[in-house]
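Okay, so here's the structure we're looking at.
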2 protein chains.
Amino acid sequence: MKKLLLLVCSIFTSISFAQTDEEVLRTIYTQSLTNGKSYEWLDYLSNKIGGRLSGSANAEKAVVWGQTELEKLGLDSVWLQEVMVPKWIRGEKESAYFQTNSETQAPVNVCALGGSIATPSSGLKAKVIEVQNFEELTTLGKEKIKGKIVFFNRPMQADLITTFSAYGGCVNQRYAGAMEAAKFQAAGVIVRSMNLRLDDFPHTGSMSYGDLPNDQRIPSAAISTNDAEKLSDALKKDENLEFYFKQSCEQLEDVKSYNVIGEITGSEFPNEYMIVGGHLDSWDLGDGSHDDGAGVVQSMDVLRLLKESGIKPKRSIRVVLFMNEENGLRGGNKYAEEAEKNKETHVFALESDAGGFTPRGFNFDCSDANFEQVLSWKPLFKPYLIHYFEKGGSGADVGPLKNDSNVLAGLRPDSQRYFDYHHASNDTFDAVNKRELELGAATMTSLVYLFDKYGTNPLVSAKELKD
Amino acid sequence: MKKLLLLVCSIFTSISFAQTDEEVLRTIYTQSLTNGKSYEWLDYLSNKIGGRLSGSANAEKAVVWGQTELEKLGLDSVWLQEVMVPKWIRGEKESAYFQTNSETQAPVNVCALGGSIATPSSGLKAKVIEVQNFEELTTLGKEKIKGKIVFFNRPMQADLITTFSAYGGCVNQRYAGAMEAAKFQAAGVIVRSMNLRLDDFPHTGSMSYGDLPNDQRIPSAAISTNDAEKLSDALKKDENLEFYFKQSCEQLEDVKSYNVIGEITGSEFPNEYMIVGGHLDSWDLGDGSHDDGAGVVQSMDVLRLLKESGIKPKRSIRVVLFMNEENGLRGGNKYAEEAEKNKETHVFALESDAGGFTPRGFNFDCSDANFEQVLSWKPLFKPYLIHYFEKGGSGADVGPLKNDSNVLAGLRPDSQRYFDYHHASNDTFDAVNKRELELGAATMTSLVYLFDKYGTNPLVSAKELKD
């Protein structure tokens with residue numbers, strides 16, 4: 001009986017070894033869509049833990065949860081990697097309104113930008129000057145700006161097809177608006193939310209004062225797109241209207257936190273590392289389901305799906321749940337520093353940080369030869385409607401691993417709805433579709449499988465295959 | 001001054017005539033995303049009119065609205081095409097529960113299937129027999145089925161990538177379940193909703209008794225996927241549990257309704273017709289935003305976008321808002337009959353009836369030569385992430401126009417979320433994303449532009465281009 005069992009096992013192993021790539025991908029997608037864990041994990045992370053800003057109690061809960069869940073998967077090792085992270089707290093809920101001579105106060109949906117200082121405890125009230133960009137600030141000069149609240153109101157460009165391009169064309173207002181306006185002694189800054197939709201949600205996000213001395217820093221907040229439209233209209237009628245906002249946010253001392261890492265050790269090339277990851281921290285307004293709970297649970301499921309699909313990787317595959325992508329990138333930087341210190345060769349790194357929507361493909365930061373290799377796999381992905389394979393870009397957390405020979409990649413889901421939720425209180429679990437999330441996990445797993453099988457050195461892998 | 005103006009106009013015209021296809025598509029997409037009407041129209045159709053089942057007062061309101069809006073567009077003609085449609089009414093809200101010996105009544109989310117008869121006015125209560133398919137019915141036979149409620153519980157297959165394939169594999173339970181179960185003298189039929197998600201929404205849809213005599217017809221209803229799971233679990237514990245449902249729906253006499261049609265008459269080949277359409281009727285539980293309000297407003301916007309983009313079609317382009325796709329296809333059949341009667345040559349017909357989600361491409365029912373022609377346009381669509389061009393299938397309403405030489409097509413949006421909403425009370429305006437809807441309208445307009453410019457006879461169109 002024992003012999004028979006061994007025989008059966010060995011036949012099974014041979015069959016599974018003989019599977020074509022088409023069959024392996026079919027197994028991976030079926031596993032994810034019928035037996036995936038990503039959605040259940042996301043439910044917990046979003047609904048039981050919630051928003052998890054770096055340095056917060058929730059972020060630490062998420063670390064413990066991530067480690068615990070990875071330990072259940074029977075990986076070869078799971079550990080925490082210590083990293084010091086900034087701790088910014090929002091304080092009391094913000095409030096804002098604007099007021100014309102003739103009208104009563106019009107309430108405004110507002111939130112402090114991450115990294116901003118507070119207003120005076122009684123709030124800040126001043127006239128408003130609306131601008132579209134930094135060039136306008138220079139043209140207006142200190143005379144027109146001093147003592148006023150600068151209102152950056154350049155909308156995202158609606159006719160760009162990829163919404164990340166539209167975001168890229170606007171986000172300097174949020175990130176550097178206060179730094180630039182402070183040069184002209186503005187009293188504060190408000191920014192139109194980075195959102196293509198007209199609605200009432202203010203969207204937070206990181207901002208920086210650069211090397212501006214403390215006494216020159218000014219408070220900076222985002223207002224909803226609907227309120228930006230209303231305020232702009234009101235300013236056309238009364239340029240002397242006053243805007244009021246109050247926020248009590250604060251930048252505290254750095255605190256200790258962690259990247260969470262799990263590994264399946266490679267059977268043939270254990271010293272070649274391939275990683276897949278998302279970021280465990282999120283903004284605090286919603287529960288960070290799309291940004292980046294989705295990327296976290298998809299990355300975790302990549303390792304689980306490899307195991308469930310009977311794939312024994314030749315290279316060491318790690319899942320990395322990065323801490324502090326949103327306001328510091330300390331986790332991504334730390335991981336790359338440690339990799340260099342430990343002389344770990346990272347041949348491949350994939351990040352999912354563009355929402356849990358239907359996957360369309362990947363961006364690649366790699367050599368032309370590697371990209372040709374990727375394009376040769378395109379037909380394998382066609383049954384899954386994965387069609388987008390483009391050079392350029394990967395993910396913020398994996399970026400620091402870049403060298404001349406490795407491959408960095410970023411999952412590219414459909415982007416149309418992403419900025420409806422990004423950094424806002426409606427980035428919640430109910431906005432994620434189970435199948436869309438699971439298709440993303442399967443698509444990532446498939447790419448990891450192929451890069452593990454064929455390697456990231458197309459010449460060597462051609463030789464490997466012949467041998 | 002007048003001469004100068006004429007000169008300027010003539011230069012402008014020449015420039016616009018000299019636009020490359022790439023430039024024309026860019027114009028169309030920009031128009032739709034920055035100045036589209038589809039979303040505003042859908043808001044009205046969904047929120048001011050609402051669900052519009054054939055023969056209902058709302059359906060007639062939708063006809064008047066469609067005609068009125070098309071008349072505002074300055075088309076060459078707008079008219080109504082009379083068609084007799086079935087009138088089925090739901091009656092009072094349905095109710096259902098199941099009850100085991102040991103337990104209290106467990107309420108069930110239920111809705112009558114379109115076309116079903118009512119239960120007795122006091123409801124129908126009987127034991128339940130769960131089956132997966134019609135073969136099981138035959139195996140069980142009359143002895144096991146007679147007097148019971150047959151519960152069809154075959155779920156949609158989750159590992160199919162296109163959800164329409166999963167729907168296709170299940171929908172015979174809904175459409176023909178009562179007809180088949182009645183052969184074995186079942187008392188009634190309940191069907192697991194056609195929904196890949198586990199939730200509490202029952203999904204209606206059409207069913208048929210075929211040529212079953214009236215006295216053999218049995219009532220048929222859908223229950224939510226969550227309730228299907230609960231009922232199936234309960235049956236495993238107690239096969240003698242009883243299920244109760246009550247519905248008061250009724251099939252009335254046919255009533256008069258209309259297809260709504262608008263036309264831009266072709267400048268060179270006015271007797272060659274190209275149509276684009278969706279269906280104006282919907283089920284009654286939600287407001288029919290995805291099915292098929294989206295297709296209606298996108299089709300209307302195709303003609304508007306052609307005009308706004310300065311395109312003067314060579315062929316006659318019609319928008320057709322079909323009546324009664326859901327439970328009869330009378331509008332689609334009528335349109336084709338009239339076209340034949342009037343000897344109108346329809347060279348091309350495009351339908352949008354798969355939801356207002358991000359467009360991925362099209363299916364085509366056409367010759368190989370026409371399909372090759374389509375594939376040659378693929379690079380034009382790449383900037384818009386439109387990648388899916390496959391042979392086979394088009395749309396229900398345009399199907400009757402099929403002949404040996406024309407091209408039928410169906411827009412294919414991302415399908416992952418479609419069956420979360422399909423025929424259920426959550427198919428509402430808020431489930432539609434503005435950009436996704438507008439991208440669909442632009443994608444349809446682009447295809448219409450290309451088929452108008454190059455024709456549907458690849459050999460002739462090559463000659464046309466040379467001349």
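Residues are named by chain letter and number: chains run A, B, ... in the order of the structure tokens, numbers start at 1 in each chain, and ligands are numbered from 1 in the order shown.
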Enumerate, as a PyMOL selection string, the complete set of residues in region 202-404 of chain B that a backbone-based DSSP assignment places in strand (DSSP E or B).
chain B and resi 206+220-223+242-246+250-264+269-279+315-322+345-351+359-365+388-391
Would you mind exporting C-alpha atoms of the selected residues as a PDB file, in the first residue's frame?
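Saved to result.pdb:
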ATOM      1  CA  SER B 206     -37.273  36.314 -18.288  1.00  0.00           C
ATOM      2  CA  SER B 220     -41.401  30.481 -10.723  1.00  0.00           C
ATOM      3  CA  ALA B 221     -39.257  32.836  -8.631  1.00  0.00           C
ATOM      4  CA  ALA B 222     -35.626  33.712  -7.927  1.00  0.00           C
ATOM      5  CA  ILE B 223     -34.056  33.812  -4.484  1.00  0.00           C
ATOM      6  CA  GLU B 242     -41.170  23.426   3.675  1.00  0.00           C
ATOM      7  CA  PHE B 243     -40.745  26.454   1.482  1.00  0.00           C
ATOM      8  CA  TYR B 244     -43.393  29.113   1.128  1.00  0.00           C
ATOM      9  CA  PHE B 245     -43.667  31.853  -1.463  1.00  0.00           C
ATOM     10  CA  LYS B 246     -46.335  34.197  -2.594  1.00  0.00           C
ATOM     11  CA  GLU B 250     -49.764  38.595 -14.116  1.00  0.00           C
ATOM     12  CA  GLN B 251     -49.386  38.489 -17.889  1.00  0.00           C
ATOM     13  CA  LEU B 252     -51.789  41.009 -19.463  1.00  0.00           C
ATOM     14  CA  GLU B 253     -52.677  41.715 -23.096  1.00  0.00           C
ATOM     15  CA  ASP B 254     -50.007  43.146 -25.387  1.00  0.00           C
ATOM     16  CA  VAL B 255     -49.870  46.934 -25.546  1.00  0.00           C
ATOM     17  CA  LYS B 256     -48.568  49.462 -28.049  1.00  0.00           C
ATOM     18  CA  SER B 257     -45.078  50.839 -27.556  1.00  0.00           C
ATOM     19  CA  TYR B 258     -42.219  52.195 -29.658  1.00  0.00           C
ATOM     20  CA  ASN B 259     -38.626  52.005 -30.761  1.00  0.00           C
ATOM     21  CA  VAL B 260     -37.121  55.498 -30.755  1.00  0.00           C
ATOM     22  CA  ILE B 261     -34.971  56.300 -33.774  1.00  0.00           C
ATOM     23  CA  GLY B 262     -32.790  59.254 -34.768  1.00  0.00           C
ATOM     24  CA  GLU B 263     -30.771  59.637 -37.969  1.00  0.00           C
ATOM     25  CA  ILE B 264     -27.935  61.589 -39.491  1.00  0.00           C
ATOM     26  CA  PHE B 269     -24.276  56.746 -49.453  1.00  0.00           C
ATOM     27  CA  PRO B 270     -27.524  57.772 -47.772  1.00  0.00           C
ATOM     28  CA  ASN B 271     -29.102  54.390 -48.555  1.00  0.00           C
ATOM     29  CA  GLU B 272     -26.473  52.481 -46.614  1.00  0.00           C
ATOM     30  CA  TYR B 273     -27.527  52.359 -42.972  1.00  0.00           C
ATOM     31  CA  MET B 274     -25.330  51.964 -39.928  1.00  0.00           C
ATOM     32  CA  ILE B 275     -27.065  51.700 -36.585  1.00  0.00           C
ATOM     33  CA  VAL B 276     -25.988  51.948 -32.988  1.00  0.00           C
ATOM     34  CA  GLY B 277     -28.306  51.125 -30.125  1.00  0.00           C
ATOM     35  CA  GLY B 278     -29.232  49.853 -26.733  1.00  0.00           C
ATOM     36  CA  HIS B 279     -32.565  48.870 -25.223  1.00  0.00           C
ATOM     37  CA  ARG B 315     -23.453  56.674 -44.695  1.00  0.00           C
ATOM     38  CA  SER B 316     -26.710  57.192 -42.814  1.00  0.00           C
ATOM     39  CA  ILE B 317     -26.152  56.667 -39.114  1.00  0.00           C
ATOM     40  CA  ARG B 318     -29.085  55.831 -36.893  1.00  0.00           C
ATOM     41  CA  VAL B 319     -29.404  55.534 -33.166  1.00  0.00           C
ATOM     42  CA  VAL B 320     -32.097  53.013 -32.248  1.00  0.00           C
ATOM     43  CA  LEU B 321     -33.471  52.788 -28.712  1.00  0.00           C
ATOM     44  CA  PHE B 322     -35.051  49.357 -28.814  1.00  0.00           C
ATOM     45  CA  THR B 345     -29.510  48.035 -46.608  1.00  0.00           C
ATOM     46  CA  HIS B 346     -28.042  47.779 -43.130  1.00  0.00           C
ATOM     47  CA  VAL B 347     -24.302  47.435 -43.512  1.00  0.00           C
ATOM     48  CA  PHE B 348     -23.395  47.757 -39.833  1.00  0.00           C
ATOM     49  CA  ALA B 349     -25.109  47.483 -36.446  1.00  0.00           C
ATOM     50  CA  LEU B 350     -23.513  47.967 -33.023  1.00  0.00           C
ATOM     51  CA  GLU B 351     -25.205  47.310 -29.691  1.00  0.00           C
ATOM     52  CA  PRO B 359     -14.834  49.276 -22.323  1.00  0.00           C
ATOM     53  CA  ARG B 360     -12.378  46.561 -23.348  1.00  0.00           C
ATOM     54  CA  GLY B 361     -13.356  46.085 -27.004  1.00  0.00           C
ATOM     55  CA  PHE B 362     -15.932  44.422 -29.224  1.00  0.00           C
ATOM     56  CA  ASN B 363     -17.293  41.138 -30.471  1.00  0.00           C
ATOM     57  CA  PHE B 364     -18.038  40.902 -34.183  1.00  0.00           C
ATOM     58  CA  ASP B 365     -20.438  38.814 -36.185  1.00  0.00           C
ATOM     59  CA  TYR B 388     -10.390  43.026 -27.172  1.00  0.00           C
ATOM     60  CA  PHE B 389     -11.485  42.309 -30.756  1.00  0.00           C
ATOM     61  CA  GLU B 390     -12.972  38.864 -31.169  1.00  0.00           C
ATOM     62  CA  LYS B 391     -15.229  37.104 -33.641  1.00  0.00           C
TER      63      LYS B 391
END
Once DSSP has gone over the backbone, tell me which residues of region 70-263 of chain B are in helix (DSSP H, G or I), as a ChimeraX atom specification.
/B:70-71,134-145,163-168,171-182,214-216,225-237
So that each row is one residue of chain A with an atom at most 8 Å from chain B, can you give its shortest atom pair and the distance in Å to one decimal, using only C-alpha atoms, rows by chain and rising number, as a Markdown table?
| residue | atom | partner | partner_atom | distance |
| --- | --- | --- | --- | --- |
| A:Tyr29 | CA | B:Asp159 | CA | 7.0 |
| A:Thr30 | CA | B:Asp159 | CA | 5.0 |
| A:Leu33 | CA | B:Asp159 | CA | 5.4 |
| A:Thr34 | CA | B:Ala158 | CA | 6.1 |
| A:Ala158 | CA | B:Leu33 | CA | 6.0 |
| A:Asp159 | CA | B:Thr30 | CA | 5.0 |
| A:Ile161 | CA | B:Tyr384 | CA | 6.2 |
| A:Thr358 | CA | B:Gln416 | CA | 7.6 |
| A:Pro383 | CA | B:Ile161 | CA | 7.7 |
| A:Tyr384 | CA | B:Ile161 | CA | 6.2 |
| A:Leu385 | CA | B:Tyr388 | CA | 7.8 |
| A:His387 | CA | B:His387 | CA | 6.9 |
| A:Tyr388 | CA | B:Leu385 | CA | 7.8 |
| A:Asp414 | CA | B:Thr358 | CA | 7.9 |
| A:Gln416 | CA | B:Glu436 | CA | 6.6 |
| A:Arg417 | CA | B:Asn433 | CA | 7.2 |
| A:Asn433 | CA | B:Arg417 | CA | 7.2 |
| A:Arg435 | CA | B:Gln416 | CA | 6.6 |
| A:Glu436 | CA | B:Gln416 | CA | 6.6 |
Written selection (C-alpha atoms) as a compact mmCIF listing (two decimals), in the first residue's frame:
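Once everything was written out, this is selection-v2.txt:
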# COMPACT_ATOMS: atom_id res chain seq x y z
CA TYR A 29 -6.51 31.59 -11.88
CA THR A 30 -8.92 28.83 -10.89
CA LEU A 33 -11.22 32.64 -8.20
CA THR A 34 -12.60 29.61 -6.40
CA ALA A 158 -10.21 64.42 -17.58
CA ASP A 159 -9.21 63.49 -21.12
CA ILE A 161 -7.05 57.82 -20.30
CA THR A 358 -9.66 44.41 -12.66
CA PRO A 383 -7.32 34.18 -21.89
CA TYR A 384 -7.33 36.31 -18.74
CA LEU A 385 -7.75 39.58 -20.69
CA HIS A 387 -3.05 42.84 -22.37
CA TYR A 388 -1.08 45.76 -21.00
CA ASP A 414 -8.07 49.42 -14.46
CA GLN A 416 -10.82 54.69 -13.88
CA ARG A 417 -12.26 54.53 -10.35
CA ASN A 433 -15.03 43.69 -5.87
CA ARG A 435 -13.41 38.87 -8.40
CA GLU A 436 -11.45 41.93 -9.48
Here is a test: counting only C-alpha atoms, which residue of A:Asp233, A:Gly310, A:Ser208, A:Gly355 is nearest to Gly115 (chain A)?
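So, comparing all the options, the nearest one is A:Ser208.
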Rounded to one decimal place, report the CA of Ala57 (chain B)-CA of Phe429 (chain B) distance in Å.
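Going from CA of Ala57 (chain B) over to CA of Phe429 (chain B) covers 19.9 Å.
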Find the residues around region 130-141 of chain A up to 8 Å (only C-alpha atoms counted), leave out those fewer than 3 positions away in its own chain, and share them as a compact mmCIF listing (two decimals) with C-alpha atoms, in the first residue's frame.
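File produced: result_9.txt:
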# COMPACT_ATOMS: atom_id res chain seq x y z
CA LYS A 144 -0.81 89.91 -3.75
CA ILE A 145 -0.20 86.75 -1.72
CA VAL A 150 -3.57 80.30 -1.47
CA PHE A 151 -6.17 78.07 -3.13
CA PHE A 152 -4.64 75.63 -5.63
CA ASN A 153 -7.48 74.65 -7.95
CA ARG A 154 -5.96 72.95 -10.98
CA GLN A 173 -0.07 71.34 -5.79
CA GLY A 177 1.88 73.88 -2.54
CA GLU A 180 5.88 77.33 -2.64
CA ALA A 181 3.18 79.58 -1.22
CA PHE A 184 5.43 84.61 -0.70
CA SER A 232 -14.11 79.23 -7.14
One number please: CA of Asn226 (chain A) to CA of Lys142 (chain A), in Å, one decimal.
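The value is 28.8 Å.
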Just the residues within 10 Å of Tyr421 (chain B), please, counting only C-alpha atoms, with nothing from its chain fewer than 5 positions along; format it as a PyMOL selection string.
chain B and resi 194-195+197+201-203+286+288-291+355+426-428+431
Next, the residues of the selection above should be written as a PDB file, in the first residue's frame with N, CA and C atoms.
ATOM      1  N   MET B 194     -28.914  34.587 -10.663  1.00  0.00           N
ATOM      2  CA  MET B 194     -27.744  34.588 -11.550  1.00  0.00           C
ATOM      3  C   MET B 194     -26.799  35.693 -11.084  1.00  0.00           C
ATOM      4  N   ASN B 195     -25.981  35.373 -10.109  1.00  0.00           N
ATOM      5  CA  ASN B 195     -25.127  36.371  -9.454  1.00  0.00           C
ATOM      6  C   ASN B 195     -23.913  35.629  -8.920  1.00  0.00           C
ATOM      7  N   ARG B 197     -21.778  36.883  -6.855  1.00  0.00           N
ATOM      8  CA  ARG B 197     -21.508  37.359  -5.503  1.00  0.00           C
ATOM      9  C   ARG B 197     -22.489  36.721  -4.530  1.00  0.00           C
ATOM     10  N   PHE B 201     -29.612  40.127  -2.741  1.00  0.00           N
ATOM     11  CA  PHE B 201     -30.480  40.629  -3.807  1.00  0.00           C
ATOM     12  C   PHE B 201     -31.020  39.494  -4.677  1.00  0.00           C
ATOM     13  N   PRO B 202     -32.348  39.344  -4.769  1.00  0.00           N
ATOM     14  CA  PRO B 202     -32.868  38.422  -5.777  1.00  0.00           C
ATOM     15  C   PRO B 202     -32.821  39.094  -7.160  1.00  0.00           C
ATOM     16  N   HIS B 203     -32.472  38.306  -8.175  1.00  0.00           N
ATOM     17  CA  HIS B 203     -32.330  38.832  -9.543  1.00  0.00           C
ATOM     18  C   HIS B 203     -33.434  38.254 -10.416  1.00  0.00           C
ATOM     19  N   GLY B 286     -34.691  47.523 -10.177  1.00  0.00           N
ATOM     20  CA  GLY B 286     -33.824  48.687 -10.000  1.00  0.00           C
ATOM     21  C   GLY B 286     -34.259  49.777 -10.956  1.00  0.00           C
ATOM     22  N   GLY B 288     -32.451  50.148 -13.822  1.00  0.00           N
ATOM     23  CA  GLY B 288     -31.909  49.735 -15.126  1.00  0.00           C
ATOM     24  C   GLY B 288     -30.775  50.612 -15.625  1.00  0.00           C
ATOM     25  N   SER B 289     -29.904  51.041 -14.730  1.00  0.00           N
ATOM     26  CA  SER B 289     -28.814  51.928 -15.148  1.00  0.00           C
ATOM     27  C   SER B 289     -27.786  51.192 -16.004  1.00  0.00           C
ATOM     28  N   HIS B 290     -27.358  50.021 -15.522  1.00  0.00           N
ATOM     29  CA  HIS B 290     -26.392  49.266 -16.336  1.00  0.00           C
ATOM     30  C   HIS B 290     -27.114  48.516 -17.457  1.00  0.00           C
ATOM     31  N   ASP B 291     -28.314  48.018 -17.179  1.00  0.00           N
ATOM     32  CA  ASP B 291     -29.041  47.179 -18.141  1.00  0.00           C
ATOM     33  C   ASP B 291     -30.397  47.789 -18.434  1.00  0.00           C
ATOM     34  N   GLY B 355     -23.537  46.630 -19.857  1.00  0.00           N
ATOM     35  CA  GLY B 355     -23.200  47.460 -18.700  1.00  0.00           C
ATOM     36  C   GLY B 355     -22.317  48.631 -19.061  1.00  0.00           C
ATOM     37  N   ASN B 426     -30.372  46.644  -7.084  1.00  0.00           N
ATOM     38  CA  ASN B 426     -29.178  47.505  -6.953  1.00  0.00           C
ATOM     39  C   ASN B 426     -28.606  47.922  -8.300  1.00  0.00           C
ATOM     40  N   ASP B 427     -29.303  47.637  -9.401  1.00  0.00           N
ATOM     41  CA  ASP B 427     -28.864  48.183 -10.693  1.00  0.00           C
ATOM     42  C   ASP B 427     -29.357  49.624 -10.768  1.00  0.00           C
ATOM     43  N   THR B 428     -28.587  50.493 -10.138  1.00  0.00           N
ATOM     44  CA  THR B 428     -28.990  51.894  -9.993  1.00  0.00           C
ATOM     45  C   THR B 428     -27.860  52.826 -10.432  1.00  0.00           C
ATOM     46  N   ALA B 431     -24.231  53.000  -9.229  1.00  0.00           N
ATOM     47  CA  ALA B 431     -23.304  51.899  -9.559  1.00  0.00           C
ATOM     48  C   ALA B 431     -22.579  52.136 -10.886  1.00  0.00           C
TER      49      ALA B 431
END
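For the atom pair formed by CA of Gln185 (chain A) and CA of Lys146 (chain A), the distance is 4.7 Å, given to one decimal.
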Residues at most 8 Å from Leu305 (chain B), counting only C-alpha atoms, excluding those fewer than 4 positions away in the same chain, as a ChimeraX atom specification?
/B:28,31-32,36,301,309,442,445
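Distances here use only C-alpha atoms; by that measure, the residue among A:Tyr335, A:Phe381, A:Tyr454, A:Tyr209 closest to Val398 (chain A) is A:Tyr335.
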Could you give me, as a PyMOL selection string, the residues within 8 Å of Pro400 (chain A), counting only C-alpha atoms and dropping anything in the same chain fewer than 2 positions from it?
chain A and resi 332-333+336+396-398+402
Keeping C-alpha atoms, export the residues of the selection given above as an mmCIF file, in the first residue's frame.
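Below is the file that was written, out-v9.cif:
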data_model
loop_
_atom_site.group_PDB
_atom_site.id
_atom_site.type_symbol
_atom_site.label_atom_id
_atom_site.label_comp_id
_atom_site.auth_asym_id
_atom_site.auth_seq_id
_atom_site.Cartn_x
_atom_site.Cartn_y
_atom_site.Cartn_z
ATOM 1 C CA GLY A 332 10.921 50.462 1.036
ATOM 2 C CA ASN A 333 14.219 52.189 1.686
ATOM 3 C CA ALA A 336 16.715 47.832 0.020
ATOM 4 C CA ALA A 396 7.380 53.159 -4.929
ATOM 5 C CA ASP A 397 8.402 50.545 -2.362
ATOM 6 C CA VAL A 398 10.338 48.332 -4.765
ATOM 7 C CA LYS A 402 16.670 48.998 -8.827
#
